Amino acid sequence: MRRTAIALAAALFFLASTLNLSAGTLNGVVMPDSIQARGVPLVLNGMGIRTKFGFKIYVAGLYLQQKSSDPAAIIQADEPKRIVMQFTHGASKGQMTDAFNDAFNDNAPDARNVLKTDVDRFLGQLDTVHERDLMMFTYIPGTGTIFLMNGGEKLTIPGLPFAQLLFSVWLGPKPPNPELKKGLLGQ
């Protein structure tokens with residue numbers, strides 16, 4: 001009986017360690033190393049933490065078809081890509097709207113102005129987030145940027161320009177915090 005218990009414990013430990021090898025973990029948030037986006041395989045490029053005033057707001061993961069550390073190439077690419085945000089701290093609708101609006105203005109003000117209608121539609125779909133909420137943005141060529149919140153689709157904005165603006169939030173010259181950008185780029 002004791003041998004069976006030890007063997008079972010060893011098997012569970014092996015299984016658990018194998019599962020950890022196939023996922024990224026940061027600040028207690030686990031993201032798989034690979035996913036499917038509308039049938040296209042994507043790999044976890046990197047993970048980072050968004051902090052503000054010492055609070056850890058969310059853990060983000062960037063998924064691409066192949067790993068890259070070139071932020072400009074990632075933003076410009078007309079290829080499937082995804083940002084996943086797992087919230088570790090709550091934020092009000094106003095805080096979310098302000099954060100995205102500021103990031104658009106800081107990283108791509110001209111694009112933000114040209115895409116004002118799309119930006120306004122997007123900002124209008126933001127809502128209060130709570131700890132453990134999940135936000136996901138997936139760009140699919142020919143479809144556009146799909147915004148999901150806790151698994152429910154909120155909005156799809158067609159075209160590459162909005163995706164480029166959105167991904168510049170995390171990968172542009174002025175990300176919310178430099179460590180977040182470095183983490184997403186796998187650095």
# chains A, B, ... in the order shown; residues from 1 in each chain; ligands from 1

$ residues_around --residues "Ile74 of chain A" --least-positions-apart "3" --cutoff "9 Å" --atoms "only C-alpha atoms" --output "mmCIF file with all heavy atoms, in the first residue's frame"
data_model
loop_
_atom_site.group_PDB
_atom_site.id
_atom_site.type_symbol
_atom_site.label_atom_id
_atom_site.label_comp_id
_atom_site.auth_asym_id
_atom_site.auth_seq_id
_atom_site.Cartn_x
_atom_site.Cartn_y
_atom_site.Cartn_z
ATOM 1 N N LEU A 64 2.258 35.006 -30.793
ATOM 2 C CA LEU A 64 2.593 35.266 -32.190
ATOM 3 C C LEU A 64 2.749 33.935 -32.925
ATOM 4 O O LEU A 64 2.881 32.886 -32.293
ATOM 5 C CB LEU A 64 3.918 36.030 -32.298
ATOM 6 C CG LEU A 64 4.025 37.342 -31.522
ATOM 7 C CD1 LEU A 64 5.467 37.848 -31.538
ATOM 8 C CD2 LEU A 64 3.088 38.376 -32.110
ATOM 9 N N SER A 68 9.408 36.695 -31.556
ATOM 10 C CA SER A 68 10.091 37.877 -32.063
ATOM 11 C C SER A 68 10.392 38.820 -30.901
ATOM 12 O O SER A 68 9.606 38.919 -29.962
ATOM 13 C CB SER A 68 9.218 38.602 -33.087
ATOM 14 O OG SER A 68 9.818 39.825 -33.485
ATOM 15 N N SER A 69 11.514 39.511 -30.990
ATOM 16 C CA SER A 69 11.841 40.538 -29.997
ATOM 17 C C SER A 69 11.853 41.929 -30.638
ATOM 18 O O SER A 69 12.337 42.878 -30.044
ATOM 19 C CB SER A 69 13.195 40.235 -29.355
ATOM 20 O OG SER A 69 14.208 40.228 -30.353
ATOM 21 N N ASP A 70 11.296 42.038 -31.850
ATOM 22 C CA ASP A 70 11.257 43.289 -32.595
ATOM 23 C C ASP A 70 9.862 43.911 -32.479
ATOM 24 O O ASP A 70 8.944 43.530 -33.203
ATOM 25 C CB ASP A 70 11.607 43.028 -34.062
ATOM 26 C CG ASP A 70 11.673 44.301 -34.889
ATOM 27 O OD1 ASP A 70 11.159 45.360 -34.454
ATOM 28 O OD2 ASP A 70 12.240 44.228 -36.001
ATOM 29 N N PRO A 71 9.690 44.902 -31.578
ATOM 30 C CA PRO A 71 8.350 45.455 -31.360
ATOM 31 C C PRO A 71 7.737 46.094 -32.602
ATOM 32 O O PRO A 71 6.543 45.934 -32.865
ATOM 33 C CB PRO A 71 8.545 46.478 -30.246
ATOM 34 C CG PRO A 71 9.999 46.785 -30.233
ATOM 35 C CD PRO A 71 10.706 45.569 -30.759
ATOM 36 N N ALA A 77 3.146 43.777 -38.477
ATOM 37 C CA ALA A 77 2.857 42.512 -39.167
ATOM 38 C C ALA A 77 1.365 42.295 -39.390
ATOM 39 O O ALA A 77 0.563 42.429 -38.460
ATOM 40 C CB ALA A 77 3.434 41.339 -38.375
ATOM 41 N N ASP A 78 1.023 41.953 -40.614
ATOM 42 C CA ASP A 78 -0.358 41.591 -40.951
ATOM 43 C C ASP A 78 -0.495 40.081 -40.775
ATOM 44 O O ASP A 78 -0.708 39.338 -41.726
ATOM 45 C CB ASP A 78 -0.669 42.018 -42.390
ATOM 46 C CG ASP A 78 -2.150 41.913 -42.727
ATOM 47 O OD1 ASP A 78 -2.959 41.655 -41.811
ATOM 48 O OD2 ASP A 78 -2.497 42.069 -43.912
ATOM 49 N N GLU A 79 -0.312 39.647 -39.524
ATOM 50 C CA GLU A 79 -0.339 38.234 -39.150
ATOM 51 C C GLU A 79 -1.153 38.075 -37.871
ATOM 52 O O GLU A 79 -1.243 39.009 -37.071
ATOM 53 C CB GLU A 79 1.080 37.724 -38.885
ATOM 54 C CG GLU A 79 2.008 37.827 -40.069
ATOM 55 C CD GLU A 79 3.437 37.440 -39.718
ATOM 56 O OE1 GLU A 79 3.762 37.278 -38.521
ATOM 57 O OE2 GLU A 79 4.242 37.312 -40.647
ATOM 58 N N LYS A 81 -2.145 37.527 -34.181
ATOM 59 C CA LYS A 81 -1.446 37.799 -32.923
ATOM 60 C C LYS A 81 -2.494 38.022 -31.843
ATOM 61 O O LYS A 81 -3.635 38.371 -32.139
ATOM 62 C CB LYS A 81 -0.498 38.983 -33.045
ATOM 63 C CG LYS A 81 -1.104 40.241 -33.631
ATOM 64 C CD LYS A 81 -0.031 41.259 -33.967
ATOM 65 C CE LYS A 81 -0.522 42.219 -35.028
ATOM 66 N NZ LYS A 81 0.550 42.842 -35.754
ATOM 67 N N GLN A 164 -2.771 47.643 -35.265
ATOM 68 C CA GLN A 164 -1.464 48.273 -35.080
ATOM 69 C C GLN A 164 -1.518 49.293 -33.951
ATOM 70 O O GLN A 164 -0.618 49.352 -33.111
ATOM 71 C CB GLN A 164 -1.005 48.923 -36.386
ATOM 72 C CG GLN A 164 -0.684 47.891 -37.450
ATOM 73 C CD GLN A 164 -0.483 48.483 -38.828
ATOM 74 O OE1 GLN A 164 -1.095 49.492 -39.188
ATOM 75 N NE2 GLN A 164 0.370 47.855 -39.618
ATOM 76 N N PHE A 167 -1.897 47.216 -30.530
ATOM 77 C CA PHE A 167 -0.685 46.526 -30.084
ATOM 78 C C PHE A 167 0.427 47.516 -29.726
ATOM 79 O O PHE A 167 1.332 47.184 -28.968
ATOM 80 C CB PHE A 167 -0.235 45.493 -31.122
ATOM 81 C CG PHE A 167 -1.017 44.211 -31.018
ATOM 82 C CD1 PHE A 167 -2.286 44.107 -31.554
ATOM 83 C CD2 PHE A 167 -0.499 43.111 -30.344
ATOM 84 C CE1 PHE A 167 -3.034 42.940 -31.442
ATOM 85 C CE2 PHE A 167 -1.227 41.937 -30.222
ATOM 86 C CZ PHE A 167 -2.495 41.845 -30.766
ATOM 87 N N LEU A 171 3.617 47.656 -27.003
ATOM 88 C CA LEU A 171 4.895 47.488 -27.697
ATOM 89 C C LEU A 171 5.437 48.779 -28.299
ATOM 90 O O LEU A 171 6.502 48.776 -28.908
ATOM 91 C CB LEU A 171 4.742 46.432 -28.803
ATOM 92 C CG LEU A 171 4.267 45.060 -28.330
ATOM 93 C CD1 LEU A 171 4.010 44.143 -29.511
ATOM 94 C CD2 LEU A 171 5.266 44.440 -27.358
#

$ select_by_dssp --residues "segment 114-179 of chain A" --states "strand (DSSP E)" --output "count of residues only"
19

$ residues_around --residues "Val129 of chain A" --least-positions-apart "4" --cutoff "10 Å" --atoms "only C-alpha atoms" --output "PDB file with all heavy atoms, in the first residue's frame"
ATOM      1  N   PHE A  87      -6.289  39.925 -15.108  1.00  0.00           N
ATOM      2  CA  PHE A  87      -6.251  40.961 -14.076  1.00  0.00           C
ATOM      3  C   PHE A  87      -5.992  40.368 -12.699  1.00  0.00           C
ATOM      4  O   PHE A  87      -6.594  39.375 -12.314  1.00  0.00           O
ATOM      5  CB  PHE A  87      -7.542  41.791 -14.098  1.00  0.00           C
ATOM      6  CG  PHE A  87      -7.573  42.733 -15.251  1.00  0.00           C
ATOM      7  CD1 PHE A  87      -8.021  42.310 -16.498  1.00  0.00           C
ATOM      8  CD2 PHE A  87      -7.103  44.026 -15.120  1.00  0.00           C
ATOM      9  CE1 PHE A  87      -8.006  43.160 -17.587  1.00  0.00           C
ATOM     10  CE2 PHE A  87      -7.084  44.893 -16.209  1.00  0.00           C
ATOM     11  CZ  PHE A  87      -7.539  44.452 -17.443  1.00  0.00           C
ATOM     12  N   THR A  88      -5.080  41.019 -11.979  1.00  0.00           N
ATOM     13  CA  THR A  88      -4.756  40.636 -10.612  1.00  0.00           C
ATOM     14  C   THR A  88      -5.205  41.720  -9.636  1.00  0.00           C
ATOM     15  O   THR A  88      -5.002  41.606  -8.442  1.00  0.00           O
ATOM     16  CB  THR A  88      -3.241  40.382 -10.472  1.00  0.00           C
ATOM     17  OG1 THR A  88      -2.537  41.540 -10.905  1.00  0.00           O
ATOM     18  CG2 THR A  88      -2.812  39.186 -11.317  1.00  0.00           C
ATOM     19  N   HIS A  89      -5.804  42.775 -10.186  1.00  0.00           N
ATOM     20  CA  HIS A  89      -6.297  43.907  -9.400  1.00  0.00           C
ATOM     21  C   HIS A  89      -7.447  44.530 -10.183  1.00  0.00           C
ATOM     22  O   HIS A  89      -7.410  44.579 -11.402  1.00  0.00           O
ATOM     23  CB  HIS A  89      -5.155  44.923  -9.221  1.00  0.00           C
ATOM     24  CG  HIS A  89      -5.422  45.975  -8.197  1.00  0.00           C
ATOM     25  ND1 HIS A  89      -6.138  47.119  -8.486  1.00  0.00           N
ATOM     26  CD2 HIS A  89      -5.074  46.076  -6.897  1.00  0.00           C
ATOM     27  CE1 HIS A  89      -6.207  47.870  -7.402  1.00  0.00           C
ATOM     28  NE2 HIS A  89      -5.567  47.257  -6.427  1.00  0.00           N
ATOM     29  N   GLY A  90      -8.445  45.025  -9.494  1.00  0.00           N
ATOM     30  CA  GLY A  90      -9.585  45.633 -10.165  1.00  0.00           C
ATOM     31  C   GLY A  90      -9.286  47.036 -10.667  1.00  0.00           C
ATOM     32  O   GLY A  90      -8.353  47.696 -10.211  1.00  0.00           O
ATOM     33  N   ALA A  91     -10.095  47.479 -11.636  1.00  0.00           N
ATOM     34  CA  ALA A  91      -9.996  48.851 -12.158  1.00  0.00           C
ATOM     35  C   ALA A  91     -11.381  49.257 -12.665  1.00  0.00           C
ATOM     36  O   ALA A  91     -12.105  48.450 -13.242  1.00  0.00           O
ATOM     37  CB  ALA A  91      -8.973  48.934 -13.284  1.00  0.00           C
ATOM     38  N   SER A  92     -11.736  50.507 -12.449  1.00  0.00           N
ATOM     39  CA  SER A  92     -13.047  51.002 -12.888  1.00  0.00           C
ATOM     40  C   SER A  92     -13.072  51.205 -14.396  1.00  0.00           C
ATOM     41  O   SER A  92     -12.022  51.270 -15.052  1.00  0.00           O
ATOM     42  CB  SER A  92     -13.368  52.333 -12.201  1.00  0.00           C
ATOM     43  OG  SER A  92     -12.535  53.357 -12.726  1.00  0.00           O
ATOM     44  N   LYS A  93     -14.265  51.346 -14.932  1.00  0.00           N
ATOM     45  CA  LYS A  93     -14.420  51.627 -16.369  1.00  0.00           C
ATOM     46  C   LYS A  93     -13.660  52.899 -16.735  1.00  0.00           C
ATOM     47  O   LYS A  93     -12.965  52.948 -17.755  1.00  0.00           O
ATOM     48  CB  LYS A  93     -15.898  51.751 -16.723  1.00  0.00           C
ATOM     49  CG  LYS A  93     -16.145  52.106 -18.189  1.00  0.00           C
ATOM     50  CD  LYS A  93     -17.618  52.269 -18.499  1.00  0.00           C
ATOM     51  CE  LYS A  93     -17.846  52.762 -19.909  1.00  0.00           C
ATOM     52  NZ  LYS A  93     -18.031  51.726 -20.878  1.00  0.00           N
ATOM     53  N   GLN A  95     -11.050  54.212 -15.228  1.00  0.00           N
ATOM     54  CA  GLN A  95      -9.611  53.957 -15.195  1.00  0.00           C
ATOM     55  C   GLN A  95      -9.160  53.193 -16.437  1.00  0.00           C
ATOM     56  O   GLN A  95      -8.107  53.496 -17.012  1.00  0.00           O
ATOM     57  CB  GLN A  95      -9.236  53.173 -13.933  1.00  0.00           C
ATOM     58  CG  GLN A  95      -9.351  53.993 -12.663  1.00  0.00           C
ATOM     59  CD  GLN A  95      -9.212  53.142 -11.416  1.00  0.00           C
ATOM     60  OE1 GLN A  95      -9.723  52.033 -11.325  1.00  0.00           O
ATOM     61  NE2 GLN A  95      -8.518  53.685 -10.426  1.00  0.00           N
ATOM     62  N   MET A  96      -9.954  52.220 -16.870  1.00  0.00           N
ATOM     63  CA  MET A  96      -9.616  51.448 -18.066  1.00  0.00           C
ATOM     64  C   MET A  96      -9.634  52.347 -19.297  1.00  0.00           C
ATOM     65  O   MET A  96      -8.717  52.317 -20.121  1.00  0.00           O
ATOM     66  CB  MET A  96     -10.584  50.277 -18.245  1.00  0.00           C
ATOM     67  CG  MET A  96     -10.485  49.214 -17.170  1.00  0.00           C
ATOM     68  SD  MET A  96      -8.868  48.431 -17.107  1.00  0.00           S
ATOM     69  CE  MET A  96      -8.750  47.737 -18.750  1.00  0.00           C
ATOM     70  N   ASP A 133     -10.500  38.708 -13.845  1.00  0.00           N
ATOM     71  CA  ASP A 133     -11.120  38.933 -15.161  1.00  0.00           C
ATOM     72  C   ASP A 133     -10.070  38.748 -16.244  1.00  0.00           C
ATOM     73  O   ASP A 133      -8.870  38.975 -16.020  1.00  0.00           O
ATOM     74  CB  ASP A 133     -11.723  40.339 -15.255  1.00  0.00           C
ATOM     75  CG  ASP A 133     -13.105  40.433 -14.621  1.00  0.00           C
ATOM     76  OD1 ASP A 133     -13.659  39.394 -14.234  1.00  0.00           O
ATOM     77  OD2 ASP A 133     -13.624  41.563 -14.516  1.00  0.00           O
ATOM     78  N   LEU A 134     -10.540  38.360 -17.410  1.00  0.00           N
ATOM     79  CA  LEU A 134      -9.657  38.073 -18.538  1.00  0.00           C
ATOM     80  C   LEU A 134     -10.097  38.885 -19.744  1.00  0.00           C
ATOM     81  O   LEU A 134     -11.253  38.832 -20.153  1.00  0.00           O
ATOM     82  CB  LEU A 134      -9.725  36.578 -18.875  1.00  0.00           C
ATOM     83  CG  LEU A 134      -8.792  36.082 -19.968  1.00  0.00           C
ATOM     84  CD1 LEU A 134      -7.352  36.090 -19.473  1.00  0.00           C
ATOM     85  CD2 LEU A 134      -9.188  34.670 -20.373  1.00  0.00           C
ATOM     86  N   MET A 135      -9.162  39.670 -20.288  1.00  0.00           N
ATOM     87  CA  MET A 135      -9.387  40.447 -21.496  1.00  0.00           C
ATOM     88  C   MET A 135      -8.473  39.868 -22.569  1.00  0.00           C
ATOM     89  O   MET A 135      -7.321  39.552 -22.290  1.00  0.00           O
ATOM     90  CB  MET A 135      -8.999  41.904 -21.247  1.00  0.00           C
ATOM     91  CG  MET A 135     -10.016  42.908 -21.624  1.00  0.00           C
ATOM     92  SD  MET A 135      -9.384  44.575 -21.339  1.00  0.00           S
ATOM     93  CE  MET A 135     -10.666  45.170 -20.279  1.00  0.00           C
ATOM     94  N   MET A 149     -14.058  39.620 -23.528  1.00  0.00           N
ATOM     95  CA  MET A 149     -13.974  39.863 -22.092  1.00  0.00           C
ATOM     96  C   MET A 149     -14.582  38.673 -21.384  1.00  0.00           C
ATOM     97  O   MET A 149     -15.762  38.352 -21.613  1.00  0.00           O
ATOM     98  CB  MET A 149     -14.729  41.156 -21.744  1.00  0.00           C
ATOM     99  CG  MET A 149     -14.691  41.526 -20.310  1.00  0.00           C
ATOM    100  SD  MET A 149     -13.069  42.167 -19.881  1.00  0.00           S
ATOM    101  CE  MET A 149     -13.331  42.582 -18.190  1.00  0.00           C
ATOM    102  N   ASN A 150     -13.778  37.985 -20.585  1.00  0.00           N
ATOM    103  CA  ASN A 150     -14.225  36.793 -19.866  1.00  0.00           C
ATOM    104  C   ASN A 150     -14.908  35.793 -20.799  1.00  0.00           C
ATOM    105  O   ASN A 150     -15.914  35.186 -20.464  1.00  0.00           O
ATOM    106  CB  ASN A 150     -15.133  37.167 -18.694  1.00  0.00           C
ATOM    107  CG  ASN A 150     -14.380  37.941 -17.628  1.00  0.00           C
ATOM    108  OD1 ASN A 150     -13.206  37.682 -17.367  1.00  0.00           O
ATOM    109  ND2 ASN A 150     -15.031  38.913 -17.035  1.00  0.00           N
TER     110      ASN A 150
END

$ select_by_dssp --residues "segment 51-181 of chain A" --states "alpha helix (DSSP H)" --output "MDAnalysis selection string"
chainID A and resid 71:76 93:107 109:114 116:125 160:171 178:181

$ closest_atom_pairs --of "segment 61-147 of chain A" --to "segment 26-34 of chain A" --cutoff "9 Å" --atoms "only C-alpha atoms" --output "tab-separated table"
residue	atom	partner	partner_atom	distance
A:Gly61	CA	A:Met31	CA	7.3
A:Tyr63	CA	A:Ser34	CA	7.8
A:Val84	CA	A:Met31	CA	8.8
A:Gln86	CA	A:Val29	CA	7.3
A:Thr88	CA	A:Val29	CA	8.6

$ write_last_selection --atoms "N, CA and C atoms" --output "mmCIF file, in the first residue's frame"
data_model
loop_
_atom_site.group_PDB
_atom_site.id
_atom_site.type_symbol
_atom_site.label_atom_id
_atom_site.label_comp_id
_atom_site.auth_asym_id
_atom_site.auth_seq_id
_atom_site.Cartn_x
_atom_site.Cartn_y
_atom_site.Cartn_z
ATOM 1 N N GLY A 61 0.130 38.382 -21.688
ATOM 2 C CA GLY A 61 0.888 37.449 -22.510
ATOM 3 C C GLY A 61 0.704 37.815 -23.965
ATOM 4 N N TYR A 63 1.016 36.464 -27.841
ATOM 5 C CA TYR A 63 1.089 35.269 -28.683
ATOM 6 C C TYR A 63 1.296 35.675 -30.133
ATOM 7 N N VAL A 84 -3.246 38.683 -24.195
ATOM 8 C CA VAL A 84 -4.129 38.199 -23.144
ATOM 9 C C VAL A 84 -3.782 38.974 -21.873
ATOM 10 N N GLN A 86 -4.685 39.020 -17.885
ATOM 11 C CA GLN A 86 -5.312 38.394 -16.723
ATOM 12 C C GLN A 86 -5.168 39.376 -15.560
ATOM 13 N N THR A 88 -5.080 41.019 -11.979
ATOM 14 C CA THR A 88 -4.756 40.636 -10.612
ATOM 15 C C THR A 88 -5.205 41.720 -9.636
#

$ decode --residues "segment 162-174 of chain A" --atoms "all heavy atoms" --output "compact mmCIF listing (two decimals), in the first residue's frame"
# COMPACT_ATOMS: atom_id res chain seq x y z
N PHE A 162 -6.31 49.43 -36.88
CA PHE A 162 -6.69 49.44 -35.46
C PHE A 162 -5.83 48.46 -34.67
O PHE A 162 -5.43 48.75 -33.54
CB PHE A 162 -8.18 49.14 -35.26
CG PHE A 162 -8.56 49.21 -33.81
CD1 PHE A 162 -8.77 50.43 -33.20
CD2 PHE A 162 -8.69 48.07 -33.05
CE1 PHE A 162 -9.09 50.52 -31.84
CE2 PHE A 162 -9.01 48.13 -31.69
CZ PHE A 162 -9.21 49.36 -31.09
N ALA A 163 -5.54 47.30 -35.24
CA ALA A 163 -4.68 46.32 -34.56
C ALA A 163 -3.31 46.93 -34.29
O ALA A 163 -2.75 46.76 -33.20
CB ALA A 163 -4.55 45.05 -35.39
N GLN A 164 -2.77 47.64 -35.26
CA GLN A 164 -1.46 48.27 -35.08
C GLN A 164 -1.52 49.29 -33.95
O GLN A 164 -0.62 49.35 -33.11
CB GLN A 164 -1.01 48.92 -36.39
CG GLN A 164 -0.68 47.89 -37.45
CD GLN A 164 -0.48 48.48 -38.83
OE1 GLN A 164 -1.10 49.49 -39.19
NE2 GLN A 164 0.37 47.86 -39.62
N LEU A 165 -2.58 50.08 -33.92
CA LEU A 165 -2.75 51.05 -32.83
C LEU A 165 -2.86 50.33 -31.49
O LEU A 165 -2.19 50.70 -30.52
CB LEU A 165 -4.00 51.90 -33.08
CG LEU A 165 -4.41 52.87 -31.96
CD1 LEU A 165 -3.33 53.91 -31.71
CD2 LEU A 165 -5.74 53.53 -32.29
N LEU A 166 -3.68 49.29 -31.42
CA LEU A 166 -3.89 48.58 -30.16
C LEU A 166 -2.62 47.91 -29.67
O LEU A 166 -2.26 48.04 -28.49
CB LEU A 166 -5.01 47.55 -30.33
CG LEU A 166 -5.40 46.80 -29.06
CD1 LEU A 166 -6.00 47.75 -28.03
CD2 LEU A 166 -6.39 45.70 -29.38
N PHE A 167 -1.90 47.22 -30.53
CA PHE A 167 -0.69 46.53 -30.08
C PHE A 167 0.43 47.52 -29.73
O PHE A 167 1.33 47.18 -28.97
CB PHE A 167 -0.24 45.49 -31.12
CG PHE A 167 -1.02 44.21 -31.02
CD1 PHE A 167 -2.29 44.11 -31.55
CD2 PHE A 167 -0.50 43.11 -30.34
CE1 PHE A 167 -3.03 42.94 -31.44
CE2 PHE A 167 -1.23 41.94 -30.22
CZ PHE A 167 -2.49 41.85 -30.77
N SER A 168 0.33 48.76 -30.24
CA SER A 168 1.32 49.78 -29.86
C SER A 168 1.16 50.17 -28.39
O SER A 168 2.10 50.68 -27.78
CB SER A 168 1.20 51.02 -30.75
OG SER A 168 0.08 51.82 -30.39
N VAL A 169 -0.01 49.89 -27.80
CA VAL A 169 -0.21 50.17 -26.38
C VAL A 169 0.88 49.51 -25.55
O VAL A 169 1.46 50.12 -24.65
CB VAL A 169 -1.62 49.70 -25.91
CG1 VAL A 169 -1.73 49.66 -24.39
CG2 VAL A 169 -2.69 50.58 -26.52
N TRP A 170 1.18 48.26 -25.84
CA TRP A 170 2.15 47.49 -25.06
C TRP A 170 3.54 47.47 -25.68
O TRP A 170 4.52 47.29 -24.97
CB TRP A 170 1.66 46.05 -24.89
CG TRP A 170 0.33 45.99 -24.23
CD1 TRP A 170 0.07 46.07 -22.88
CD2 TRP A 170 -0.95 45.87 -24.87
NE1 TRP A 170 -1.28 46.02 -22.67
CE2 TRP A 170 -1.94 45.88 -23.87
CE3 TRP A 170 -1.36 45.74 -26.20
CZ2 TRP A 170 -3.29 45.78 -24.14
CZ3 TRP A 170 -2.71 45.63 -26.48
CH2 TRP A 170 -3.66 45.65 -25.46
N LEU A 171 3.62 47.66 -27.00
CA LEU A 171 4.90 47.49 -27.70
C LEU A 171 5.44 48.78 -28.30
O LEU A 171 6.50 48.78 -28.91
CB LEU A 171 4.74 46.43 -28.80
CG LEU A 171 4.27 45.06 -28.33
CD1 LEU A 171 4.01 44.14 -29.51
CD2 LEU A 171 5.27 44.44 -27.36
N GLY A 172 4.71 49.88 -28.16
CA GLY A 172 5.13 51.16 -28.71
C GLY A 172 6.25 51.79 -27.91
O GLY A 172 6.77 51.21 -26.94
N PRO A 173 6.62 53.03 -28.26
CA PRO A 173 7.75 53.69 -27.59
C PRO A 173 7.48 54.04 -26.13
O PRO A 173 8.43 54.21 -25.36
CB PRO A 173 7.96 54.96 -28.42
CG PRO A 173 6.69 55.18 -29.17
CD PRO A 173 6.07 53.83 -29.36
N LYS A 174 6.20 54.18 -25.74
CA LYS A 174 5.87 54.53 -24.35
C LYS A 174 4.86 53.53 -23.79
O LYS A 174 3.68 53.86 -23.60
CB LYS A 174 5.31 55.95 -24.29
CG LYS A 174 6.30 57.02 -24.68
CD LYS A 174 5.67 58.39 -24.59
CE LYS A 174 6.66 59.47 -25.01
NZ LYS A 174 6.02 60.79 -25.00
